>>> print(open('start00.cif').read())   # mmCIF, C-alpha atoms
data_target
#
loop_
_atom_site.label_atom_id
_atom_site.label_comp_id
_atom_site.auth_asym_id
_atom_site.auth_seq_id
_atom_site.Cartn_x
_atom_site.Cartn_y
_atom_site.Cartn_z
CA PRO A 22 33.07 16.05 106.91
CA GLN A 23 33.67 14.45 103.58
CA GLY A 24 32.74 17.72 101.83
CA SER A 25 35.03 19.63 104.12
CA GLY A 26 37.87 17.26 103.26
CA LEU A 27 37.34 17.67 99.58
CA GLY A 28 37.35 21.46 99.99
CA ASN A 29 40.65 21.40 101.88
CA LYS A 30 42.14 19.16 99.25
CA GLY A 31 41.12 21.58 96.47
CA SER A 32 42.66 24.53 98.32
CA PHE A 33 45.88 22.60 98.80
CA VAL A 34 46.08 21.86 95.06
CA GLU A 35 45.55 25.52 94.22
CA ASP A 36 48.25 26.60 96.68
CA LEU A 37 50.62 24.07 95.21
CA SER A 38 49.86 25.29 91.69
CA GLU A 39 50.56 28.90 92.65
CA LYS A 40 53.81 27.89 94.31
CA GLU A 41 54.88 26.00 91.19
CA GLN A 42 54.05 29.03 89.05
CA LEU A 43 56.11 31.30 91.28
CA ASP A 44 59.01 28.86 91.17
CA ALA A 45 58.78 28.74 87.37
CA ILE A 46 58.79 32.53 87.18
CA ARG A 47 61.79 32.74 89.50
CA ALA A 48 63.65 30.15 87.45
CA TRP A 49 62.90 31.95 84.19
CA TRP A 50 63.99 35.29 85.66
CA ALA A 51 67.19 33.79 86.99
CA GLU A 52 67.96 32.52 83.51
CA ASN A 53 66.78 35.49 81.43
CA GLY A 54 66.64 38.45 83.79
CA SER A 55 70.06 39.78 82.78
CA TYR A 56 69.02 39.84 79.13
CA VAL A 57 65.82 41.68 79.95
CA MET A 58 67.64 44.30 81.98
CA GLY A 59 70.25 44.63 79.23
CA GLY A 60 67.52 45.21 76.67
CA ILE A 61 65.95 47.87 78.84
CA VAL A 62 69.28 49.63 79.31
CA VAL A 63 70.05 49.48 75.56
CA GLY A 64 66.61 50.83 74.75
CA MET A 65 67.08 53.71 77.17
CA LEU A 66 70.50 54.47 75.69
CA ILE A 67 69.06 54.49 72.17
CA ILE A 68 66.32 56.88 73.20
CA PHE A 69 68.82 59.10 75.02
CA GLY A 70 71.25 59.04 72.07
CA TRP A 71 68.51 59.85 69.58
CA ASN A 72 67.31 62.78 71.64
CA TYR A 73 70.88 64.01 72.10
CA TRP A 74 71.59 63.72 68.35
CA GLN A 75 68.42 65.63 67.49
CA SER A 76 69.34 68.31 69.99
CA SER A 77 72.89 68.51 68.59
CA VAL A 78 71.61 68.80 65.02
CA ALA A 79 69.17 71.50 66.05
CA ASN A 80 71.93 73.43 67.82
CA THR A 81 74.24 73.04 64.82
CA GLU A 82 71.62 74.24 62.37
CA THR A 83 70.77 77.16 64.64
CA GLY A 84 74.40 78.25 64.90
CA ALA A 85 75.02 77.84 61.19
CA SER A 86 71.80 79.69 60.36
CA MET A 87 72.76 82.64 62.56
CA LEU A 88 76.20 82.94 60.95
CA PHE A 89 74.66 82.69 57.49
CA GLU A 90 72.28 85.50 58.38
CA ASP A 91 75.29 87.57 59.45
CA VAL A 92 76.92 86.89 56.08
CA MET A 93 73.85 87.96 54.14
CA GLU A 94 73.14 91.03 56.29
CA SER A 95 76.75 92.22 55.94
CA SER A 96 76.60 91.54 52.22
CA GLY A 97 73.41 93.58 51.94
CA ARG A 98 75.12 96.50 53.67
CA GLY A 99 78.13 96.16 51.38
CA ASN A 100 80.41 95.36 54.33
CA LEU A 101 82.73 92.84 52.71
CA ASP A 102 85.07 92.46 55.69
CA ALA A 103 82.24 91.67 58.13
CA ALA A 104 80.71 89.20 55.66
CA ALA A 105 84.08 87.49 55.18
CA THR A 106 84.60 87.18 58.94
CA ALA A 107 81.19 85.59 59.49
CA ALA A 108 81.70 83.31 56.49
CA ASP A 109 85.08 82.11 57.76
CA ASP A 110 83.52 81.25 61.15
CA LEU A 111 80.76 79.36 59.34
CA PHE A 112 83.25 77.42 57.19
CA ILE A 113 85.35 76.45 60.23
CA ASP A 114 82.61 75.63 62.75
CA TYR A 115 79.99 74.11 60.43
CA PRO A 116 81.84 72.99 57.26
CA ASP A 117 79.27 70.34 56.29
CA SER A 118 76.20 72.50 56.80
CA PRO A 119 74.12 73.49 53.76
CA TYR A 120 74.43 77.03 55.05
CA ALA A 121 78.21 76.86 54.53
CA ALA A 122 77.72 75.85 50.88
CA GLN A 123 75.27 78.68 50.29
CA ALA A 124 77.62 81.13 52.01
CA ARG A 125 80.45 80.12 49.62
CA LEU A 126 78.27 80.96 46.64
CA ALA A 127 77.22 84.27 48.20
CA MET A 128 80.81 85.24 49.07
CA ALA A 129 82.02 84.37 45.56
CA ARG A 130 79.48 86.74 44.04
CA MET A 131 80.39 89.46 46.52
CA TYR A 132 84.11 89.07 45.81
CA MET A 133 83.49 89.30 42.06
CA ASP A 134 81.40 92.44 42.54
CA ASN A 135 84.39 93.95 44.33
CA GLY A 136 86.95 92.94 41.70
CA ARG A 137 88.52 90.19 43.83
CA ASP A 138 88.30 87.33 41.36
CA GLN A 139 91.03 85.24 42.98
CA ASP A 140 89.27 85.35 46.35
CA ALA A 141 86.06 84.35 44.57
CA ALA A 142 87.79 81.36 42.99
CA GLU A 143 89.38 80.26 46.25
CA VAL A 144 86.13 80.38 48.22
CA LEU A 145 84.41 78.20 45.61
CA VAL A 146 87.12 75.54 45.26
CA PRO A 147 86.21 73.42 48.35
CA LEU A 148 82.59 73.23 47.23
CA ALA A 149 83.27 72.86 43.50
CA GLU A 150 85.94 70.19 43.83
CA GLY A 151 84.24 68.24 46.60
CA SER A 152 82.92 64.73 46.14
CA GLY A 153 79.27 65.73 46.11
CA ASN A 154 77.24 66.23 42.95
CA ASP A 155 74.26 67.99 44.47
CA GLU A 156 72.88 71.15 42.94
CA LEU A 157 74.99 73.54 45.03
CA ALA A 158 78.22 71.72 44.16
CA LEU A 159 77.35 71.73 40.46
CA LEU A 160 76.50 75.42 40.57
CA ALA A 161 79.82 76.10 42.29
CA ARG A 162 81.68 74.26 39.50
CA LEU A 163 79.91 76.32 36.87
CA ARG A 164 80.72 79.61 38.58
CA LEU A 165 84.32 78.57 39.27
CA ALA A 166 84.77 77.65 35.60
CA LYS A 167 83.48 81.06 34.50
CA ILE A 168 85.86 82.79 36.91
CA GLN A 169 88.79 80.74 35.62
CA LEU A 170 87.83 81.66 32.08
CA TYR A 171 87.71 85.31 33.13
CA GLN A 172 91.22 84.85 34.58
CA ASN A 173 92.44 83.49 31.23
CA ARG A 174 92.95 79.99 32.64
CA PRO A 175 91.19 77.89 29.97
CA GLN A 176 93.13 74.70 30.69
CA ASP A 177 91.93 74.79 34.30
CA VAL A 178 88.37 75.05 32.96
CA VAL A 179 88.92 71.98 30.79
CA ASP A 180 90.36 70.05 33.74
CA LEU A 181 87.39 71.03 35.91
CA LEU A 182 84.56 70.32 33.46
CA GLU A 183 85.78 67.41 31.33
CA GLU A 184 83.99 64.10 31.89
CA MET A 185 81.33 65.60 34.13
CA PRO A 186 78.35 63.29 34.82
CA GLU A 187 75.00 64.10 33.25
CA SER A 188 73.05 66.67 35.21
CA ALA A 189 70.75 69.66 34.85
CA TYR A 190 73.89 71.74 34.25
CA THR A 191 75.30 69.66 31.39
CA ALA A 192 74.40 72.12 28.61
CA ARG A 193 75.84 75.08 30.51
CA PHE A 194 79.00 73.11 31.32
CA ASN A 195 79.45 72.30 27.64
CA GLU A 196 79.01 75.93 26.61
CA VAL A 197 81.73 77.09 29.02
CA LEU A 198 83.89 74.14 27.99
CA GLY A 199 83.52 75.23 24.36
CA ASP A 200 84.60 78.77 25.32
CA ALA A 201 87.68 77.32 27.02
CA TYR A 202 88.59 75.31 23.91
CA VAL A 203 88.21 78.46 21.80
CA ALA A 204 90.68 80.22 24.11
CA LEU A 205 93.03 77.26 23.62
CA GLU A 206 92.43 77.42 19.84
CA SER A 207 91.25 73.80 19.91
CA TRP A 208 88.60 74.36 17.27
CA PRO A 209 87.28 70.78 16.77
CA GLU A 210 86.89 70.29 20.53
CA ALA A 211 85.16 73.67 20.82
CA GLU A 212 82.69 72.79 18.08
CA ALA A 213 81.98 69.40 19.67
CA ALA A 214 81.31 71.02 23.04
CA TYR A 215 78.97 73.62 21.54
CA ILE A 216 77.05 70.96 19.61
CA ALA A 217 76.74 68.88 22.78
CA ALA A 218 75.29 71.94 24.51
CA LEU A 219 72.71 72.35 21.72
CA ASN A 220 71.74 68.69 21.78
CA ASP A 221 71.27 68.44 25.55
CA ASN A 222 67.60 68.29 26.55
CA PRO A 223 66.16 70.51 23.79
CA GLN A 224 62.71 70.38 25.42
CA ALA A 225 64.00 72.23 28.52
CA ARG A 226 66.76 74.58 27.44
CA THR A 227 69.17 75.98 30.01
CA ILE A 228 71.20 77.82 27.37
CA ASP A 229 70.37 80.24 24.54
CA PRO A 230 70.67 78.14 21.35
CA SER A 231 70.97 81.23 19.12
CA ILE A 232 74.07 82.37 21.02
CA ILE A 233 75.59 78.89 20.82
CA GLN A 234 74.93 78.81 17.07
CA LEU A 235 76.67 82.18 16.68
CA LYS A 236 79.68 80.81 18.54
CA ILE A 237 79.76 77.82 16.20
CA ASN A 238 79.50 80.09 13.16
CA ASP A 239 82.43 82.16 14.43
CA LEU A 240 84.71 79.12 14.59
CA PRO A 241 87.29 78.87 11.78
CA ALA A 242 86.23 76.45 9.08
CA ALA A 243 88.32 73.33 8.66
CA GLY A 244 89.80 74.65 5.41
CA GLU A 245 90.58 78.02 6.95
CA THR A 246 92.29 76.37 9.90
CA ALA A 247 94.41 74.22 7.59
CA ALA A 248 95.32 77.26 5.47
CA VAL A 249 96.38 79.23 8.55
CA GLU A 250 98.51 76.34 9.78
CA THR A 251 100.10 75.96 6.33
CA ALA A 252 100.84 79.68 6.12
CA LEU A 253 102.44 79.62 9.54
CA SER A 254 104.55 76.61 8.60
CA GLU A 255 105.70 78.28 5.37
CA GLU A 256 106.52 81.48 7.23
CA GLU A 257 108.62 79.53 9.73
CA ALA A 258 110.36 77.72 6.87
CA VAL A 259 111.15 81.01 5.09
CA SER A 260 112.51 82.45 8.29
CA ALA A 261 114.75 79.40 8.72
CA ASP A 262 116.02 79.70 5.10
CA ASP A 263 116.91 83.34 5.67
CA LEU A 264 119.17 82.51 8.60
CA PRO A 265 122.22 81.36 6.51
CA ASP A 266 122.01 84.51 4.35
CA ALA A 267 121.92 86.63 7.43
CA ASN A 268 124.92 84.78 8.82
CA ALA A 269 126.79 85.21 5.51
CA ASP A 270 126.05 88.94 5.49
CA THR A 271 127.32 89.21 9.04
CA ALA A 272 130.53 87.35 8.15
CA ALA A 273 131.11 89.59 5.11
CA GLU A 274 130.63 92.69 7.22
CA GLU A 275 133.11 91.38 9.77
CA GLU A 276 135.72 90.66 7.00
CA GLU A 277 135.24 94.11 5.52
CA ALA A 278 135.70 95.70 8.93
CA ALA A 279 138.88 93.68 9.48
CA GLY A 280 140.23 94.79 6.06
CA ASP A 281 139.56 98.44 6.85
CA GLU A 282 141.38 98.05 10.15
CA THR A 283 144.39 96.49 8.38
CA ASP A 284 144.54 99.34 5.81
CA SER A 285 144.31 101.90 8.58
CA THR A 286 147.22 100.24 10.43
CA GLY A 287 149.35 100.20 7.24
CA ASP A 288 148.74 103.89 6.61
CA GLU A 289 149.78 104.75 10.17
CA GLU A 290 153.06 102.79 9.80
CA SER A 291 153.86 104.52 6.47
CA GLY A 292 153.32 107.92 8.11
CA GLU A 293 155.72 107.12 10.90
CA ALA A 294 158.39 105.98 8.41
#
>>> encode(input="start00.cif", output="structure tokens")
Amino acid sequence: PQGSGLGNKGSFVEDLSEKEQLDAIRAWWAENGSYVMGGIVVGMLIIFGWNYWQSSVANTETGASMLFEDVMESSGRGNLDAAATAADDLFIDYPDSPYAAQARLAMARMYMDNGRDQDAAEVLVPLAEGSGNDELALLARLRLAKIQLYQNRPQDVVDLLEEMPESAYTARFNEVLGDAYVALESWPEAEAAYIAALNDNPQARTIDPSIIQLKINDLPAAGETAAVETALSEEEAVSADDLPDANADTAAEEEEAAGDETDSTGDEESGEA
């Protein structure tokens, strides 16, 4: 009997311990259950949002890729109108896609091949003048600068390429910048740009140094430039000095004509008398 009593007492203690544990769990859940459920919901939303974003990116890239393929296929067939239509859809629907940037470069080349330099410049402007400095944007700036130079717009080239950050295109930018300064007859600036092109990363040239040196050699020497400016100034001064003589000759001719008219009038009056 005593053993049986001890056994019942042990069972009672275990039941009480389990009840206390259940009560503790219920109390903890009542206090923290809302946070746990909130965490689960947030986690599910994050997973759902991530999957949706990945799906959206995949769909965007697929659509942009298909339009880019249309641009290139039409370009290969020489169908400029079809290529332009596909490119416009790509620029409108997927403006931030890398495919749109590549399509701008492809369309610019196609426009130039068809003698439409202004269309080539316009299609490059959004990419060339954007805030990015990635390789495609830098390449677009270089091509736009060359088109502007072809259009005899050297000041636009200077505005586009001046104070460009260092990049793999620095030497090529400086060469085109030097060509623009030559067109503007800004000889010192042209020479400085050409020299900067020669000095940029000589171990990995992106320009032909012999051509740059020829361009430097073709620049007027400082003495020649000064002599030309002096000659022009003297010519302008001589022209200004000749103006009074020309005015005096004109006045003399007018007086002579007036005298002849007076003599003619006198002769007519004598005849009538």
>>> resolve_selection(input="start00.cif", expression="the PyMOL selection byres ((chain A and resi 161-169) around 9)", output="PyMOL selection string")
chain A and resi 122+125-126+129+133+138-139+141-143+145-146+148-150+156-160+170-179+181-182+190+193-194+197-198
>>> atom_distance(input="start00.cif", atom1="CA of Asp91 in chain A", atom2="CA of Leu111 in chain A")
9.9 Å
>>> resolve_selection(input="start00.cif", expression="the PyMOL selection byres ((chain A and resi 223-240) around 10)", output="JSON, numbers by chain")
{"A": [189, 190, 191, 192, 193, 194, 195, 196, 199, 200, 203, 206, 207, 208, 209, 211, 212, 213, 214, 215, 216, 218, 219, 220, 221, 222, 241, 242, 243, 245, 246]}
>>> write_last_selection(input="start00.cif", atoms="C-alpha atoms", output="short mmCIF file (atom, residue, chain, number, x, y, z; two decimals), keeping the file's coordinate frame")
data_model
loop_
_atom_site.label_atom_id
_atom_site.label_comp_id
_atom_site.auth_asym_id
_atom_site.auth_seq_id
_atom_site.Cartn_x
_atom_site.Cartn_y
_atom_site.Cartn_z
CA ALA A 189 70.75 69.66 34.85
CA TYR A 190 73.89 71.74 34.25
CA THR A 191 75.30 69.66 31.39
CA ALA A 192 74.40 72.12 28.61
CA ARG A 193 75.84 75.08 30.51
CA PHE A 194 79.00 73.11 31.32
CA ASN A 195 79.45 72.30 27.64
CA GLU A 196 79.01 75.93 26.61
CA GLY A 199 83.52 75.23 24.36
CA ASP A 200 84.60 78.77 25.32
CA VAL A 203 88.21 78.46 21.80
CA GLU A 206 92.43 77.42 19.84
CA SER A 207 91.25 73.80 19.91
CA TRP A 208 88.60 74.36 17.27
CA PRO A 209 87.28 70.78 16.77
CA ALA A 211 85.16 73.67 20.82
CA GLU A 212 82.69 72.79 18.08
CA ALA A 213 81.98 69.40 19.67
CA ALA A 214 81.31 71.02 23.04
CA TYR A 215 78.97 73.62 21.54
CA ILE A 216 77.05 70.96 19.61
CA ALA A 218 75.29 71.94 24.51
CA LEU A 219 72.71 72.35 21.72
CA ASN A 220 71.74 68.69 21.78
CA ASP A 221 71.27 68.44 25.55
CA ASN A 222 67.60 68.29 26.55
CA PRO A 241 87.29 78.87 11.78
CA ALA A 242 86.23 76.45 9.08
CA ALA A 243 88.32 73.33 8.66
CA GLU A 245 90.58 78.02 6.95
CA THR A 246 92.29 76.37 9.90
#
>>> residues_near_point(input="start00.cif", point="(73.2, 81.4, 57.1)", cutoff="12 Å", atoms="only C-alpha atoms", output="VMD selection string")
chain A and resid 81 to 96 104 107 to 112 115 118 to 128
>>> atom_distance(input="start00.cif", atom1="CA of Asp155 in chain A", atom2="CA of Asp102 in chain A")
29.0 Å
>>> atom_distance(input="start00.cif", atom1="CA of Pro186 in chain A", atom2="CA of Tyr202 in chain A")
19.2 Å
